[in-house]
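Next comes final.cif, a file with mmCIF, C-alpha atoms.
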```
data_upload
#
loop_
_atom_site.label_atom_id
_atom_site.label_comp_id
_atom_site.auth_asym_id
_atom_site.auth_seq_id
_atom_site.Cartn_x
_atom_site.Cartn_y
_atom_site.Cartn_z
CA MET A 20 -23.39 -49.09 -8.31
CA GLU A 21 -26.34 -46.90 -7.31
CA VAL A 22 -24.84 -46.46 -3.84
CA GLY A 23 -21.61 -45.24 -5.43
CA PHE A 24 -23.46 -42.62 -7.53
CA THR A 25 -25.46 -41.56 -4.47
CA ILE A 26 -22.27 -40.95 -2.48
CA ILE A 27 -20.78 -38.96 -5.38
CA PHE A 28 -23.91 -36.81 -5.70
CA LEU A 29 -23.96 -36.23 -1.94
CA PHE A 30 -20.30 -35.23 -2.01
CA ILE A 31 -20.92 -32.77 -4.86
CA GLY A 32 -23.95 -31.41 -3.02
CA VAL A 33 -21.89 -30.79 0.12
CA ILE A 34 -19.26 -28.92 -1.95
CA VAL A 35 -21.94 -26.77 -3.61
CA ILE A 36 -23.59 -25.94 -0.28
CA CYS A 37 -20.22 -25.08 1.32
CA THR A 38 -19.40 -22.82 -1.65
CA ILE A 39 -22.74 -21.01 -1.36
CA ILE A 40 -22.27 -20.52 2.39
CA GLN A 41 -18.72 -19.28 1.88
CA ASN A 42 -19.77 -16.80 -0.84
CA LYS A 43 -22.62 -15.54 1.34
CA SER A 44 -20.19 -15.09 4.24
CA VAL A 45 -17.82 -13.09 2.01
CA ASP A 46 -20.70 -10.91 0.75
CA ASN A 47 -21.75 -10.20 4.35
CA LYS A 48 -18.20 -9.21 5.28
CA ILE A 49 -17.94 -6.92 2.23
CA ASN A 50 -21.24 -5.25 3.09
CA ASN A 51 -20.08 -4.79 6.69
CA LEU A 52 -16.79 -3.41 5.39
CA GLU A 53 -18.60 -0.92 3.17
CA ASN A 54 -20.63 0.35 6.13
CA ILE A 55 -17.57 0.74 8.36
CA LEU A 56 -15.58 2.60 5.69
CA GLU A 57 -18.54 4.85 4.95
CA ASP A 58 -18.83 5.71 8.66
CA LYS A 59 -15.13 6.60 8.65
CA GLY A 60 -15.61 8.92 5.68
CA PHE A 61 -13.64 6.65 3.33
CA ASN A 62 -14.85 6.70 -0.29
CA THR A 63 -13.43 3.87 -2.39
CA ASN A 64 -12.25 4.84 -5.88
CA LYS A 65 -10.14 1.75 -6.59
CA SER A 66 -9.85 -1.64 -4.91
CA PHE A 67 -8.02 -4.96 -5.24
CA ARG A 68 -8.98 -8.24 -3.55
CA PHE A 69 -6.92 -11.29 -2.70
CA GLY A 70 -9.29 -14.24 -2.35
CA ILE A 71 -11.43 -13.98 0.77
CA ILE A 72 -8.58 -12.68 2.92
CA TYR A 73 -7.57 -9.14 1.92
CA GLU A 74 -8.89 -6.08 0.18
CA PHE A 75 -6.78 -3.02 -0.57
CA ARG A 76 -8.76 0.14 -1.20
CA VAL A 77 -7.83 3.64 -2.31
CA ASP A 78 -9.64 6.93 -1.66
CA PHE A 79 -8.07 9.46 -4.04
CA HIS A 80 -10.32 12.31 -2.92
CA ASN A 81 -9.42 12.08 0.78
CA LYS A 82 -5.90 10.78 -0.01
CA LYS A 83 -6.09 7.59 2.03
CA VAL A 84 -5.65 3.85 1.58
CA ALA A 85 -7.36 1.07 3.53
CA ILE A 86 -5.87 -2.35 4.25
CA CYS A 87 -8.84 -4.61 4.97
CA LYS A 88 -8.38 -8.08 6.45
CA LEU A 89 -11.63 -9.93 5.83
CA VAL A 90 -11.04 -13.05 7.94
CA ASN A 91 -12.46 -13.01 11.47
CA PRO A 92 -12.15 -10.66 13.12
CA LEU A 93 -12.56 -8.02 10.41
CA LYS A 94 -9.63 -5.57 10.64
CA ILE A 95 -9.24 -2.25 8.82
CA ASP A 96 -6.14 -0.05 8.79
CA ILE A 97 -6.58 3.38 7.17
CA ILE A 98 -3.40 5.24 6.21
CA ASN A 99 -3.00 8.80 4.93
CA PHE A 100 -1.06 9.18 1.68
CA SER A 101 1.32 11.61 3.37
CA ASN A 102 2.31 9.03 6.02
CA ILE A 103 3.44 6.35 3.55
CA ILE A 104 7.22 6.19 3.13
CA GLU A 105 7.96 2.72 1.77
CA CYS A 106 6.46 -0.40 0.21
CA LYS A 107 8.00 -3.88 -0.15
CA ILE A 108 7.07 -7.16 -1.77
CA ILE A 109 8.80 -9.96 0.11
CA GLU A 110 9.09 -13.62 -0.84
CA ASP A 111 10.76 -15.94 1.68
CA SER A 112 12.59 -13.01 3.36
CA ASN A 113 13.92 -11.79 -0.02
CA VAL A 114 12.84 -8.30 -1.07
CA ILE A 115 11.54 -8.54 -4.64
CA SER A 116 10.47 -4.90 -4.93
CA LYS A 117 11.08 -1.95 -2.66
CA SER A 118 9.61 1.50 -3.23
CA GLY A 119 10.89 1.79 -6.77
CA VAL A 120 14.48 1.06 -5.75
CA GLY A 121 14.21 -2.73 -5.75
CA ARG A 122 12.84 -4.52 -8.80
CA ALA A 123 12.09 -8.03 -9.92
CA ILE A 124 14.94 -9.80 -11.69
CA VAL A 125 14.58 -12.86 -13.92
CA GLY A 126 16.20 -15.87 -12.28
CA GLY A 127 16.65 -14.22 -8.91
CA VAL A 128 15.62 -11.46 -6.53
CA ILE A 129 17.15 -8.45 -4.85
CA ALA A 130 18.18 -9.39 -1.32
CA GLY A 131 17.46 -6.90 1.45
CA ASP A 132 18.67 -3.31 1.20
CA THR A 133 22.05 -4.20 -0.30
CA GLY A 134 20.81 -4.64 -3.84
CA ALA A 135 22.77 -7.90 -4.18
CA ILE A 136 21.21 -10.39 -6.57
CA VAL A 137 20.39 -13.81 -5.16
CA GLY A 138 20.05 -16.40 -7.91
CA ALA A 139 17.06 -18.71 -7.82
CA ASN A 140 19.37 -21.72 -7.65
CA THR A 141 20.68 -20.62 -4.23
CA ARG A 142 17.33 -21.49 -2.65
CA LYS A 143 16.18 -25.01 -1.83
CA SER A 144 13.76 -24.98 -4.74
CA LYS A 145 12.86 -22.16 -7.06
CA ASN A 146 9.34 -23.60 -7.32
CA ILE A 147 8.63 -23.62 -3.58
CA VAL A 148 7.53 -20.56 -1.58
CA ASN A 149 6.84 -20.56 2.16
CA ASN A 150 6.00 -16.90 2.71
CA TYR A 151 4.84 -14.09 0.43
CA LEU A 152 3.72 -10.68 1.65
CA VAL A 153 3.28 -7.00 0.92
CA GLN A 154 4.57 -4.58 3.55
CA ILE A 155 3.77 -0.86 3.76
CA ILE A 156 5.95 1.30 6.02
CA THR A 157 4.66 4.60 7.44
CA ASN A 158 6.08 7.41 9.56
CA GLU A 159 3.53 6.66 12.29
CA ILE A 160 5.58 5.68 15.34
CA GLU A 161 2.92 3.54 17.02
CA ASN A 162 1.84 1.74 13.85
CA SER A 163 4.76 1.95 11.43
CA SER A 164 4.43 -1.40 9.63
CA HIS A 165 1.39 -2.84 7.85
CA SER A 166 1.75 -6.32 6.34
CA MET A 167 -0.55 -8.35 4.13
CA ASP A 168 0.54 -11.99 4.47
CA LEU A 169 -0.71 -13.53 1.25
CA ILE A 170 1.02 -16.92 1.50
CA THR A 171 1.93 -18.33 4.91
CA PHE A 172 2.50 -22.01 4.12
CA GLN A 173 4.70 -24.10 1.84
CA LEU A 174 3.37 -23.72 -1.68
CA ASP A 175 4.47 -25.27 -4.96
CA LYS A 176 4.34 -22.53 -7.62
CA ILE A 177 3.71 -25.05 -10.39
CA SER A 178 0.93 -27.19 -8.93
CA ASN A 179 -0.62 -24.14 -7.20
CA ALA A 180 0.10 -21.64 -9.98
CA ASN A 181 -3.36 -20.05 -9.75
CA LEU A 182 -2.99 -19.11 -6.09
CA TYR A 183 0.60 -17.95 -6.50
CA ASN A 184 -0.30 -15.80 -9.53
CA GLN A 185 -3.18 -14.26 -7.57
CA ALA A 186 -0.73 -13.27 -4.83
CA VAL A 187 1.71 -11.83 -7.38
CA ASN A 188 -0.98 -9.86 -9.23
CA PHE A 189 -2.48 -8.50 -6.02
CA SER A 190 0.91 -7.46 -4.63
CA ASN A 191 1.94 -5.85 -7.94
CA ASN A 192 -1.28 -3.81 -8.06
CA VAL A 193 -0.83 -2.64 -4.47
CA TYR A 194 2.83 -1.86 -5.06
CA ALA A 195 2.09 0.19 -8.20
CA ILE A 196 -0.48 2.32 -6.39
CA VAL A 197 1.68 2.84 -3.29
CA GLN A 198 4.77 3.63 -5.37
CA SER A 199 2.79 6.31 -7.22
CA ILE A 200 1.73 7.76 -3.87
CA ILE A 201 5.34 7.79 -2.61
CA SER A 202 6.58 9.42 -5.84
CA ASN A 203 3.91 12.10 -5.53
CA ASN A 204 4.83 12.65 -1.86
CA ASN A 205 8.48 13.12 -2.85
CA ALA A 206 7.56 15.53 -5.66
CA CYS A 207 5.41 17.62 -3.29
CA LYS A 208 8.19 17.65 -0.70
CA LYS A 209 10.75 18.85 -3.24
CA PHE A 210 8.35 21.53 -4.46
CA ASP A 211 7.74 22.75 -0.90
CA GLU A 212 11.49 22.79 -0.19
CA GLN A 213 12.17 24.76 -3.37
CA LYS A 214 9.36 27.17 -2.55
CA SER A 215 10.78 27.69 0.96
CA GLU A 216 14.24 28.39 -0.48
CA ASP A 217 12.78 30.93 -2.93
CA TYR A 218 10.95 32.75 -0.15
CA LEU A 219 14.03 32.75 2.06
CA ASP A 220 16.01 34.30 -0.80
CA LYS A 221 13.38 37.02 -1.12
CA ILE A 222 13.58 37.77 2.61
CA LYS A 223 17.39 37.87 2.37
CA LYS A 224 17.21 40.41 -0.45
CA LEU A 225 14.70 42.49 1.50
CA ALA A 226 17.13 42.50 4.45
CA GLU A 227 19.91 43.74 2.16
CA LEU A 228 17.66 46.51 0.87
CA LYS A 229 16.83 47.51 4.47
CA GLU A 230 20.52 47.52 5.45
CA SER A 231 21.36 49.74 2.47
CA GLY A 232 18.52 52.13 3.38
CA VAL A 233 16.46 51.50 0.26
CA ILE A 234 13.44 50.41 2.34
CA SER A 235 12.46 51.23 5.90
CA GLU A 236 12.20 48.82 8.84
CA LYS A 237 8.44 49.02 8.62
CA GLU A 238 8.42 48.22 4.89
CA PHE A 239 10.80 45.32 5.53
CA GLU A 240 8.56 43.81 8.24
CA GLU A 241 5.41 44.22 6.15
CA SER A 242 7.01 42.60 3.09
CA LYS A 243 8.50 39.78 5.18
CA LYS A 244 5.13 39.10 6.76
CA LYS A 245 3.50 38.77 3.31
CA ILE A 246 6.18 36.32 2.16
CA LEU A 247 5.94 34.16 5.30
CA SER A 248 2.16 34.00 5.00
CA LYS A 249 2.59 32.14 1.70
CA LEU A 250 4.66 29.35 3.23
#
```
Would you mind writing the file out in structure tokens?
Amino acid sequence: MEVGFTIIFLFIGVIVICTIIQNKSVDNKINNLENILEDKGFNTNKSFRFGIIYEFRVDFHNKKVAICKLVNPLKIDIINFSNIIECKIIEDSNVISKSGVGRAIVGGVIAGDTGAIVGANTRKSKNIVNNYLVQIITNEIENSSHSMDLITFQLDKISNANLYNQAVNFSNNVYAIVQSIISNNNACKKFDEQKSEDYLDKIKKLAELKESGVISEKEFEESKKKILSKL
């Protein structure tokens, strides 16, 4: 009987020691991460963590995000807000959310870019997931796709609900931030396009005034130069 209790206590002790070592390892990685980001001029205003694997950080002042993979080797991808063009949440090759166009649907998901709804009963099991990731697409030719693979093995959503919910919450937080960035990028682009059109209209009117003799060539060039300097 005493031997049995001794084995149990030893087993619990091993678990506790492993947990302490793991937590210390994570803390060391986070401290190392902080130093690297600081050296790169990245100031974290908001962050989300998925277990001991990923951190997603946002620097609103410098308009950048950082995808940080904490497992060895430590990997950091820093992306400018202006370079982000799309974000997807993908479960078993099905796009659940896509840059505000796709959205989660009860009982099914949006499949690919077609917008067709795939019912949950068309899959082998609605409770089993083999792959779950967040993907950020940029306009950088050499590094256009950044993926955070949150689940890479067969997982039962019921018996492993905690892990699955962590993946869902993390991906939803990342998606919300990135979608806001994309919406802001689009708004700025539309504003710049409208501003360009307004200035072009002004130059066109100046040209008409020059042609009709209301203003001289010199006045036209000076006024045009002032308008172009505001673009």
> CA of Glu74 (chain A) and CA of Ile170 (chain A) are how many Å apart?
Replying inline: 14.7 Å
> Got a sec to resolve the PyMOL selection byres ((chain A and resi 75) around 9) on this structure and send the residues as a ChimeraX atom specification?
Replying inline: /A:65-69,73-74,76-77,84-88,189,193
> What gap, in Å, lies between CA of Asp175 (chain A) and CA of Asn146 (chain A)?
Replying inline: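 Atom-to-atom, CA of Asp175 (chain A) and CA of Asn146 (chain A) are spaced 5.7 Å apart.
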> Which protein, DNA or RNA residues are at most 10 Å from (0.5, -14.2, -5.0) in the file's coordinates when you count all atoms listed in the file, listed as a VMD selection string?
Replying inline: chain A and resid 69 110 150 to 153 168 to 170 176 180 to 191
With a cut-off of 12 Å, could you pull out the residues of region 138-220 of chain A touching region 225-241 of chain A and give me the nearest pair of atoms for each, distance in Å to one decimal, using all atoms listed in the file, ordered by chain and ascending number, as CSV?
```
residue,atom,partner,partner_atom,distance
A:Tyr218,CA,A:Leu225,CA,10.6
A:Leu219,CA,A:Leu225,CA,9.8
A:Asp220,CA,A:Leu225,CA,8.6
```
Could you work out an axis-aligned bounding box for all listed atoms of region 49-61 of chain A, with 4 Å added on each of the six sides, and give its centre and edge lengths in Å to one decimal, as lines of an AutoDock Vina configuration file?
```
center_x = -17.4
center_y = 1.0
center_z = 5.4
size_x = 15.6
size_y = 23.8
size_z = 14.4
```
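Proximity ranking of A:Ile95, A:Met167, A:Ala195, A:Ile201 relative to Ile109 (chain A) places A:Met167 first, based on all atoms listed in the file.
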> Could you work out how far CA of Leu89 (chain A) lies from CA of Asn203 (chain A), giving the answer in Å with one decimal?
Replying inline: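 That distance, rounded to one decimal, is 29.3 Å.
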>> Given the PyMOL selection byres ((chain A and resi 149) around 6) and the file above, list the residues it selects as a ChimeraX atom specification.
In response: /A:148,150,172-173
>> If we count all atoms listed in the file and set the cut-off at 12 Å, which residues sit around region 96-104 of chain A, ignoring sequence neighbours fewer than 4 positions away in its own chain? Please answer as a PyMOL selection string.
In response: chain A and resi 52+55-56+59-63+73-89+117-119+154-160+162-167+194+196-208
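The smallest atom-to-atom distance between Ile222 (chain A) and any of A:Ser248, A:Asn64, A:Asn192, A:Ser242, using only C-alpha atoms, is found for A:Ser242.
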